[in-house]
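Q: Pasting a structure below so you can have a look.
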Amino acid sequence: MSSYPPSGPPQNTPQTTTLRQRLADLRGPAVPPRPLDARALAALAANPGCGRRALLDGAGVDKTALAAALGSPAAFGQSQFAIIRGNSFEAKVKGDGGAELLRLVHSRLDAGTEPPGPGASVPDLTAAGPEGRAARTALALREATAGAARGGWTLLDHPMLALEVAGSPAYLEPDAVVVHPDGRWTVVEIKSFPMIDGAADAAKVGAAARQAAVYVLALEKTAEKLGGATVGHRILLVCPKDFSNLPTAAAVDIRREHAVTRRQLERLTRVEELAAALPAGLSFDPGRPAEELTEAVSAVDAAYAPECLAACELAFHCRERARAADEVSALGRSVRGELGALTTVGAALAAAAGRASCEDPTATALHRAARLRAEALEQAPARTAPEDAACPC
């Protein structure tokens, strides 16, 4: 699905209608779809081999409610205080027609051009539904790009972008997008974590960069339809300065995150293929009994790793299942990659004990490593303290 508005009324093909009905059946007839956001897409791209998450997110399943119904709830999200503080800071940054925000964009990313004046454009992006808002955003971007030739600046406050992910549309809402006088588009991320002495927490900056990369990918779909439009690969990260509520900003190069996210999203298994492989009548409706939900979730292959605990609501359920199945993936992706065909802890221990096939090079190397470790322990001198030694404490 393109984020650029179609030239005519939307056309629903039989395949599209069938897929939407199938996804609605999987979600539950009375359960509204949960829309994908950039944070979820960034987490989805970090684990492209997980068919379970791809299907559940593509179908709009509320994984928080599903995890609670399975008996493995996981708490995610910001505290109410953090949300209120973040909203207050964003309103301060965007106040007075976005004058401060545009000043930061100019000073950090476009200092060689004419600074934005009081007449910068802030178009109204309100419309009915996410599809209407995405179409209105695309039209505003086209108008702003055409007006940029006259040296104008444009600020799009909470635009709506569309991006096709695994065969299903996702609607994304960045904090802001700025159109420069040269027609370039810049994504702006406003975060409430502080920037102390010009630097912020590296992990939080990395998460913001991965999230912004998703927005850039969606903007590029729109830019392909417009002549003279380009999307910048440097985003503006706006944070509170030191321990105050005053805004400061830094330019963040997201080319690496952009390339990784694009490649991993392209590798995602398409939702219709996953849905077609499931038996008829299967549903992830959280209102169903836990036994039925467990069977339904188990019907879709997962790719659990400990990193999922920080990004997926079903991580605790998947971890429990991985441990019960004795899978080495529960020990981490690096361990799983090193062990190759040895997919269970039992198989790895058997290889270390020399009870595996000698034709497997991984099993041979593991057995040799275990033998060398045993020899080293036998040759190590005994380090026991004398009985009459004085207590060091």
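Labels used: A, B, ... for chains in the order of the structure tokens, numbers from 1 for residues in each chain, and numbers from 1 for ligands as shown.
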Which residues come within 12 Å of A:Ser334, counting only C-alpha atoms, excluding same-chain residues fewer than 6 positions away, as a list in words?
A: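 Those residues are Ala305, Pro306, Glu307, Val328 and Gly340 of chain A.
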Q: Can you list, as JSON, numbers by chain, every protein, DNA or RNA residue that comes within 9 Å of A:Glu292 when you count only C-alpha atoms, leaving out same-chain residues fewer than 4 positions away?
A: {"A": [282, 283, 284, 288, 296, 297]}
Q: With distances taken over only C-alpha atoms, which residue among A:Ala144, A:Val179, A:Leu339, A:Leu70 lies nearest A:Thr362?
A: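 Under the stated criterion, the closest residue is A:Leu339.
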Q: Between A:Pro286, A:Pro32, A:Pro169, A:Pro279, which one has atoms that come closest to A:Val300, using only C-alpha atoms?
A: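 Of the candidates, the smallest distance to A:Val300 is held by A:Pro279.
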Q: Excluding same-chain residues fewer than 3 positions from A:Arg184, what lies within 9 Å of it counting only C-alpha atoms, as a PyMOL selection string?
A: chain A and resi 145+148+178-181+228-232
Q: Would you write out those residues with C-alpha atoms, as a short mmCIF file (atom, residue, chain, number, x, y, z; two decimals), in the first residue's frame?
A:
data_model
loop_
_atom_site.label_atom_id
_atom_site.label_comp_id
_atom_site.auth_asym_id
_atom_site.auth_seq_id
_atom_site.Cartn_x
_atom_site.Cartn_y
_atom_site.Cartn_z
CA THR A 145 7.55 20.67 -1.64
CA ALA A 148 9.69 25.24 -1.02
CA VAL A 178 9.87 19.51 8.44
CA VAL A 179 10.08 20.48 4.77
CA HIS A 180 13.18 22.60 4.08
CA PRO A 181 13.39 25.40 1.50
CA GLY A 228 12.10 17.04 -6.48
CA ALA A 229 11.32 15.55 -3.06
CA THR A 230 14.10 13.94 -1.01
CA VAL A 231 14.12 12.44 2.47
CA GLY A 232 17.06 13.30 4.70
#
Q: A:Arg27, A:Gly97, A:Cys50, A:Ala170: which is nearest A:Lys63, counting only C-alpha atoms?
A: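 Result for the nearest residue to A:Lys63: A:Arg27.
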Q: Please report, as a Markdown table, each residue of stretch 234-319 of chain A lying at most 9 Å from stretch 210-216 of chain A, together with the nearest pair of atoms and the separation in Å rounded to one decimal; use only C-alpha atoms, and order rows by chain and ascending residue number.
A:
| residue | atom | partner | partner_atom | distance |
| --- | --- | --- | --- | --- |
| A:Ile235 | CA | A:Ala212 | CA | 7.4 |
| A:Ile254 | CA | A:Ala213 | CA | 6.5 |
| A:Arg255 | CA | A:Ala213 | CA | 8.1 |
| A:Glu257 | CA | A:Arg210 | CA | 5.6 |
| A:His258 | CA | A:Ala213 | CA | 4.8 |
| A:Ala259 | CA | A:Ala213 | CA | 8.5 |
| A:Thr261 | CA | A:Ala213 | CA | 7.0 |
| A:Arg262 | CA | A:Val214 | CA | 8.1 |
Q: Point out the residue among A:Ala91, A:Met160, A:Leu293, A:Leu23 with the least atom-to-atom distance to A:Ala128, counting only C-alpha atoms.
A: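 With only C-alpha atoms as the atom set, the closest residue is A:Met160.
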Q: Which residues, written as a list of chain:residue names, have at least one atom at most 8 Å from A:Lys191, with only C-alpha atoms counted and residues fewer than 3 positions away on the same chain left out?
A: A:Gly86, A:Glu90, A:Leu237, A:Val238, A:Cys239, A:Pro240
Q: Restricting it to N, CA, C and O atoms, dump the selection as a PDB file, in the first residue's frame.
A:
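After the write, selection_28.pdb holds the following:
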ATOM      1  N   GLY A  86       6.254  13.987  28.958  1.00  0.00           N
ATOM      2  CA  GLY A  86       6.608  14.012  27.551  1.00  0.00           C
ATOM      3  C   GLY A  86       5.659  14.873  26.729  1.00  0.00           C
ATOM      4  O   GLY A  86       6.097  15.623  25.846  1.00  0.00           O
ATOM      5  N   GLU A  90       6.689  18.230  24.640  1.00  0.00           N
ATOM      6  CA  GLU A  90       6.417  18.330  23.203  1.00  0.00           C
ATOM      7  C   GLU A  90       5.600  19.576  22.894  1.00  0.00           C
ATOM      8  O   GLU A  90       5.854  20.266  21.895  1.00  0.00           O
ATOM      9  N   LEU A 237      16.885  14.981  16.761  1.00  0.00           N
ATOM     10  CA  LEU A 237      16.443  14.478  18.050  1.00  0.00           C
ATOM     11  C   LEU A 237      16.382  15.648  19.023  1.00  0.00           C
ATOM     12  O   LEU A 237      17.395  16.283  19.299  1.00  0.00           O
ATOM     13  N   VAL A 238      15.193  15.929  19.535  1.00  0.00           N
ATOM     14  CA  VAL A 238      14.974  17.048  20.451  1.00  0.00           C
ATOM     15  C   VAL A 238      14.726  16.492  21.844  1.00  0.00           C
ATOM     16  O   VAL A 238      13.868  15.626  22.045  1.00  0.00           O
ATOM     17  N   CYS A 239      15.500  16.989  22.827  1.00  0.00           N
ATOM     18  CA  CYS A 239      15.412  16.525  24.210  1.00  0.00           C
ATOM     19  C   CYS A 239      15.510  17.713  25.163  1.00  0.00           C
ATOM     20  O   CYS A 239      15.970  18.794  24.774  1.00  0.00           O
ATOM     21  N   PRO A 240      15.136  17.534  26.426  1.00  0.00           N
ATOM     22  CA  PRO A 240      15.375  18.584  27.421  1.00  0.00           C
ATOM     23  C   PRO A 240      16.874  18.786  27.644  1.00  0.00           C
ATOM     24  O   PRO A 240      17.659  17.826  27.657  1.00  0.00           O
TER      25      PRO A 240
END
Q: Which of these, A:Pro194, A:Gly227, A:Gly147, A:Pro123, has the shortest distance to A:Ala176 once you count only C-alpha atoms?
A: A:Pro123
Q: So what do you get for atom CA of A:Leu366 versus atom CA of A:Ala325, distance-wise?
A: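 Computed distance, atom CA of A:Leu366 to atom CA of A:Ala325, equals 21.3 Å.
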Q: Do you know which residues are at most 10 Å from A:Glu327 counting only C-alpha atoms, after dropping those on the same chain fewer than 3 positions away, and could you put them as a PDB file with all heavy atoms, in the first residue's frame?
A:
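Output (out.pdb):
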ATOM      1  N   TYR A 304      12.311 -17.312  19.434  1.00  0.00           N
ATOM      2  CA  TYR A 304      12.560 -16.636  20.704  1.00  0.00           C
ATOM      3  C   TYR A 304      14.055 -16.413  20.920  1.00  0.00           C
ATOM      4  O   TYR A 304      14.898 -17.233  20.567  1.00  0.00           O
ATOM      5  CB  TYR A 304      11.994 -17.448  21.870  1.00  0.00           C
ATOM      6  CG  TYR A 304      12.424 -16.906  23.211  1.00  0.00           C
ATOM      7  CD1 TYR A 304      11.822 -15.761  23.734  1.00  0.00           C
ATOM      8  CD2 TYR A 304      13.469 -17.495  23.931  1.00  0.00           C
ATOM      9  CE1 TYR A 304      12.240 -15.231  24.946  1.00  0.00           C
ATOM     10  CE2 TYR A 304      13.883 -16.973  25.133  1.00  0.00           C
ATOM     11  CZ  TYR A 304      13.261 -15.833  25.633  1.00  0.00           C
ATOM     12  OH  TYR A 304      13.690 -15.302  26.822  1.00  0.00           O
ATOM     13  N   ARG A 319       9.459 -17.719  26.145  1.00  0.00           N
ATOM     14  CA  ARG A 319      10.609 -18.212  26.908  1.00  0.00           C
ATOM     15  C   ARG A 319      10.260 -19.487  27.649  1.00  0.00           C
ATOM     16  O   ARG A 319      11.049 -20.448  27.680  1.00  0.00           O
ATOM     17  CB  ARG A 319      11.080 -17.149  27.896  1.00  0.00           C
ATOM     18  CG  ARG A 319      12.298 -17.589  28.711  1.00  0.00           C
ATOM     19  CD  ARG A 319      12.739 -16.520  29.674  1.00  0.00           C
ATOM     20  NE  ARG A 319      11.761 -16.266  30.719  1.00  0.00           N
ATOM     21  CZ  ARG A 319      11.959 -15.433  31.751  1.00  0.00           C
ATOM     22  NH1 ARG A 319      13.106 -14.773  31.834  1.00  0.00           N
ATOM     23  NH2 ARG A 319      11.030 -15.259  32.646  1.00  0.00           N
ATOM     24  N   ARG A 321       8.019 -21.696  26.846  1.00  0.00           N
ATOM     25  CA  ARG A 321       7.912 -22.791  25.882  1.00  0.00           C
ATOM     26  C   ARG A 321       9.279 -23.228  25.368  1.00  0.00           C
ATOM     27  O   ARG A 321       9.529 -24.409  25.140  1.00  0.00           O
ATOM     28  CB  ARG A 321       7.025 -22.348  24.710  1.00  0.00           C
ATOM     29  CG  ARG A 321       5.587 -22.123  25.108  1.00  0.00           C
ATOM     30  CD  ARG A 321       4.910 -23.414  25.497  1.00  0.00           C
ATOM     31  NE  ARG A 321       3.691 -23.199  26.255  1.00  0.00           N
ATOM     32  CZ  ARG A 321       2.869 -24.159  26.614  1.00  0.00           C
ATOM     33  NH1 ARG A 321       3.136 -25.405  26.287  1.00  0.00           N
ATOM     34  NH2 ARG A 321       1.793 -23.896  27.319  1.00  0.00           N
ATOM     35  N   ALA A 322      10.169 -22.266  25.150  1.00  0.00           N
ATOM     36  CA  ALA A 322      11.507 -22.610  24.665  1.00  0.00           C
ATOM     37  C   ALA A 322      12.276 -23.423  25.702  1.00  0.00           C
ATOM     38  O   ALA A 322      12.984 -24.380  25.365  1.00  0.00           O
ATOM     39  CB  ALA A 322      12.271 -21.337  24.312  1.00  0.00           C
ATOM     40  N   ARG A 323      12.128 -23.053  26.963  1.00  0.00           N
ATOM     41  CA  ARG A 323      12.791 -23.819  28.016  1.00  0.00           C
ATOM     42  C   ARG A 323      12.198 -25.208  28.152  1.00  0.00           C
ATOM     43  O   ARG A 323      12.924 -26.186  28.358  1.00  0.00           O
ATOM     44  CB  ARG A 323      12.690 -23.063  29.338  1.00  0.00           C
ATOM     45  CG  ARG A 323      13.558 -21.811  29.408  1.00  0.00           C
ATOM     46  CD  ARG A 323      13.334 -21.065  30.709  1.00  0.00           C
ATOM     47  NE  ARG A 323      14.258 -19.950  30.865  1.00  0.00           N
ATOM     48  CZ  ARG A 323      14.220 -19.087  31.869  1.00  0.00           C
ATOM     49  NH1 ARG A 323      13.273 -19.210  32.815  1.00  0.00           N
ATOM     50  NH2 ARG A 323      15.100 -18.107  31.952  1.00  0.00           N
ATOM     51  N   ALA A 324      10.873 -25.303  28.040  1.00  0.00           N
ATOM     52  CA  ALA A 324      10.227 -26.613  28.149  1.00  0.00           C
ATOM     53  C   ALA A 324      10.647 -27.531  27.006  1.00  0.00           C
ATOM     54  O   ALA A 324      10.754 -28.753  27.191  1.00  0.00           O
ATOM     55  CB  ALA A 324       8.707 -26.434  28.156  1.00  0.00           C
ATOM     56  N   ALA A 330      16.934 -20.308  23.864  1.00  0.00           N
ATOM     57  CA  ALA A 330      16.682 -19.635  25.130  1.00  0.00           C
ATOM     58  C   ALA A 330      17.962 -19.096  25.750  1.00  0.00           C
ATOM     59  O   ALA A 330      17.914 -18.251  26.654  1.00  0.00           O
ATOM     60  CB  ALA A 330      16.004 -20.598  26.107  1.00  0.00           C
ATOM     61  N   LEU A 331      19.119 -19.552  25.271  1.00  0.00           N
ATOM     62  CA  LEU A 331      20.405 -19.085  25.782  1.00  0.00           C
ATOM     63  C   LEU A 331      20.951 -17.895  25.013  1.00  0.00           C
ATOM     64  O   LEU A 331      21.968 -17.323  25.413  1.00  0.00           O
ATOM     65  CB  LEU A 331      21.432 -20.229  25.742  1.00  0.00           C
ATOM     66  CG  LEU A 331      21.036 -21.511  26.487  1.00  0.00           C
ATOM     67  CD1 LEU A 331      22.103 -22.583  26.296  1.00  0.00           C
ATOM     68  CD2 LEU A 331      20.826 -21.230  27.960  1.00  0.00           C
ATOM     69  N   ARG A 336      22.861 -19.956  19.790  1.00  0.00           N
ATOM     70  CA  ARG A 336      22.124 -20.708  18.773  1.00  0.00           C
ATOM     71  C   ARG A 336      22.896 -20.731  17.455  1.00  0.00           C
ATOM     72  O   ARG A 336      22.967 -21.773  16.785  1.00  0.00           O
ATOM     73  CB  ARG A 336      20.753 -20.049  18.562  1.00  0.00           C
ATOM     74  CG  ARG A 336      19.931 -20.647  17.423  1.00  0.00           C
ATOM     75  CD  ARG A 336      19.492 -22.060  17.773  1.00  0.00           C
ATOM     76  NE  ARG A 336      18.772 -22.678  16.679  1.00  0.00           N
ATOM     77  CZ  ARG A 336      19.358 -23.345  15.688  1.00  0.00           C
ATOM     78  NH1 ARG A 336      20.673 -23.469  15.652  1.00  0.00           N
ATOM     79  NH2 ARG A 336      18.629 -23.906  14.747  1.00  0.00           N
ATOM     80  N   LEU A 342      22.773 -28.405  16.322  1.00  0.00           N
ATOM     81  CA  LEU A 342      22.455 -28.832  17.693  1.00  0.00           C
ATOM     82  C   LEU A 342      21.449 -27.842  18.264  1.00  0.00           C
ATOM     83  O   LEU A 342      21.805 -26.841  18.856  1.00  0.00           O
ATOM     84  CB  LEU A 342      23.726 -28.875  18.542  1.00  0.00           C
ATOM     85  CG  LEU A 342      24.859 -29.755  17.992  1.00  0.00           C
ATOM     86  CD1 LEU A 342      26.107 -29.618  18.857  1.00  0.00           C
ATOM     87  CD2 LEU A 342      24.408 -31.212  17.919  1.00  0.00           C
ATOM     88  N   THR A 343      20.175 -28.140  18.094  1.00  0.00           N
ATOM     89  CA  THR A 343      19.126 -27.179  18.428  1.00  0.00           C
ATOM     90  C   THR A 343      18.587 -27.316  19.840  1.00  0.00           C
ATOM     91  O   THR A 343      17.797 -26.488  20.278  1.00  0.00           O
ATOM     92  CB  THR A 343      17.957 -27.325  17.441  1.00  0.00           C
ATOM     93  OG1 THR A 343      17.460 -28.665  17.503  1.00  0.00           O
ATOM     94  CG2 THR A 343      18.411 -26.999  16.022  1.00  0.00           C
ATOM     95  N   THR A 344      18.987 -28.356  20.573  1.00  0.00           N
ATOM     96  CA  THR A 344      18.535 -28.524  21.949  1.00  0.00           C
ATOM     97  C   THR A 344      19.728 -28.592  22.889  1.00  0.00           C
ATOM     98  O   THR A 344      20.845 -28.956  22.482  1.00  0.00           O
ATOM     99  CB  THR A 344      17.690 -29.800  22.117  1.00  0.00           C
ATOM    100  OG1 THR A 344      18.516 -30.952  21.882  1.00  0.00           O
ATOM    101  CG2 THR A 344      16.519 -29.800  21.147  1.00  0.00           C
ATOM    102  N   VAL A 345      19.479 -28.239  24.149  1.00  0.00           N
ATOM    103  CA  VAL A 345      20.549 -28.307  25.153  1.00  0.00           C
ATOM    104  C   VAL A 345      21.001 -29.740  25.338  1.00  0.00           C
ATOM    105  O   VAL A 345      22.199 -30.022  25.497  1.00  0.00           O
ATOM    106  CB  VAL A 345      20.059 -27.705  26.483  1.00  0.00           C
ATOM    107  CG1 VAL A 345      21.117 -27.859  27.566  1.00  0.00           C
ATOM    108  CG2 VAL A 345      19.692 -26.241  26.308  1.00  0.00           C
ATOM    109  N   GLY A 346      20.055 -30.694  25.305  1.00  0.00           N
ATOM    110  CA  GLY A 346      20.421 -32.103  25.443  1.00  0.00           C
ATOM    111  C   GLY A 346      21.344 -32.570  24.346  1.00  0.00           C
ATOM    112  O   GLY A 346      22.311 -33.307  24.590  1.00  0.00           O
ATOM    113  N   ALA A 347      21.078 -32.146  23.094  1.00  0.00           N
ATOM    114  CA  ALA A 347      21.941 -32.530  21.985  1.00  0.00           C
ATOM    115  C   ALA A 347      23.328 -31.923  22.136  1.00  0.00           C
ATOM    116  O   ALA A 347      24.347 -32.565  21.822  1.00  0.00           O
ATOM    117  CB  ALA A 347      21.309 -32.093  20.666  1.00  0.00           C
TER     118      ALA A 347
END
Q: Take atom CA of A:Ala280 and atom CA of A:Arg22 and report the distance between them in Å, one decimal.
A: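 Separation between atom CA of A:Ala280 and atom CA of A:Arg22: 9.5 Å.
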